[in-house]
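For reference, the structure discussed in these notes is given below.
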Amino acid sequence: MTFEMLYSKIHRATVSDANLNYVGSITIDEELMKASNLRVGQKVDIVNINNGERFQTYVIKGEFGKRDMCLNGAAARKVAIGDKIIVIAYATYSEEELKNYKPTVVLVDEKNNVELITNELVGSDYV
């Protein structure tokens, strides 16, 4: 049996741009991608804290250190610059792999600077 579990998330990132005239995806700063173990082309869910929208897209790499969190294409209609979002990636794990299961949770500040990288989910102060 396998289980679909949280793999990684970037929690409460600030949308820095919304580009309707792009071919889709979310542009994420390369440094944030590395911190959260996200890969180019990886499918992610986006949760908009400001308006409740939930949608899926894929990751493209932004410039290292620029702190990009830009929704592109049709997804640009689901956010406004300054909105808070959660970027969530899932993976499928076997029962054996779950014995050592530790998702990556990246907390960022208002400017998308990494504040904390943790493996904690439930019962933590930041949730």
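Convention: chains lettered A, B, ... in structure tokens order; per-chain residue numbering from 1; ligands numbered from 1 as shown.
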
*Tell me, as a list in words, which residues lie within 6 Å of Ser16 in chain A, counting only C-alpha atoms; anything in the same chain fewer than 5 positions away does not count.*
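In the requested form, the answer reads Asp68, Met69, Cys70 and Ile81 of chain A.
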
Please save C-alpha atoms of the selected residues as a compact mmCIF listing (two decimals), in the first residue's frame.
# COMPACT_ATOMS: atom_id res chain seq x y z
CA ASP A 68 10.05 35.73 -6.55
CA MET A 69 6.67 34.20 -5.89
CA CYS A 70 4.96 34.95 -9.20
CA ILE A 81 0.17 41.02 -5.55

*asked:* Quick check for you: according to DSSP on this backbone, which residues of chain A are classed as helix (DSSP H, G or I)? Reply as a ChimeraX atom specification.
replied: /A:30-36,73-78,95-98

*Write out as a ChimeraX atom specification the residues lying within 8 Å of Tyr7 in chain A, counting only C-alpha atoms and excluding same-chain residues fewer than 2 positions away.*
/A:5,9,88-91,102-104

*Identify, on the basis of only C-alpha atoms, every residue whose closest approach to Phe55 in chain A does not exceed 7 Å; exclude the query and any residue fewer than 4 positions from it along the same chain; express the result as a ChimeraX atom specification.*
/A:45-47

*Hey, can you check how far CA of Leu71 in chain A sits from CA of Leu20 in chain A?*
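Separation of CA of Leu71 in chain A and CA of Leu20 in chain A: 8.1 Å.
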
*With distances taken over only C-alpha atoms, which of A:Val106, A:Met33, A:Ala76, A:Ile28 is nearest to Thr118 in chain A?*
A:Val106

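Comparing the minimum interatomic distances between Asn112 in chain A and each of A:Thr92, A:Asn50, A:Thr14, A:Ser36, counting only C-alpha atoms, we find that A:Thr14 sits nearest.
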
_Ile60 in chain A environment, 8 Å, only C-alpha atoms, sequence neighbours closer than 2 positions dropped, as JSON, numbers by chain_ = {"A": [25, 26, 27, 28, 39, 40, 41, 58, 62]}

*Which residue gives the smallest distance to Ser94 in chain A among A:Leu107, A:Asp17, A:Leu32, A:Thr2, with only C-alpha atoms counted?*
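The closest residue to Ser94 in chain A is A:Thr2.
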
*Grab the CA of Asn51 in chain A to CA of Ile85 in chain A distance for me, in Å with one decimal place.*
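About the pair CA of Asn51 in chain A and CA of Ile85 in chain A: they are 9.7 Å apart.
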
*asked:* According to DSSP computed on the backbone, where in chain A is there strand (DSSP E)? Give the residues as number ranges by chain.
replied: A: 2-14, 17-19, 25-29, 43-48, 54-62, 69-72, 84-94, 104-108, 114-118

*Among listed residues A:Met1, A:Val44, A:Ala74, A:Val108, nearest Val23 in chain A (using only C-alpha atoms)*: A:Ala74

*So how many Å separate CA of Glu63 in chain A and CA of Gln42 in chain A, to one decimal?*
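Calculated distance between CA of Glu63 in chain A and CA of Gln42 in chain A is 17.2 Å.
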
_Who sits within 7 Å of Glu31 in chain A, only C-alpha atoms, same chain under 4 positions skipped, as a list in words_ =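 Once the adjacent positions are removed, what remains is Ala35, Phe64 and Gly65 of chain A.
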
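Counting only C-alpha atoms and comparing A:Gly24, A:Arg67, A:Leu38, A:Lys43, the residue that lies closest to Val114 in chain A is A:Arg67.
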
*Can you pull out every residue within 6 Å of Lys84 in chain A, counting only C-alpha atoms, but drop anything in the same chain fewer than 3 positions away, and send it as an MDAnalysis selection string?*
chainID A and resid 12:14 49
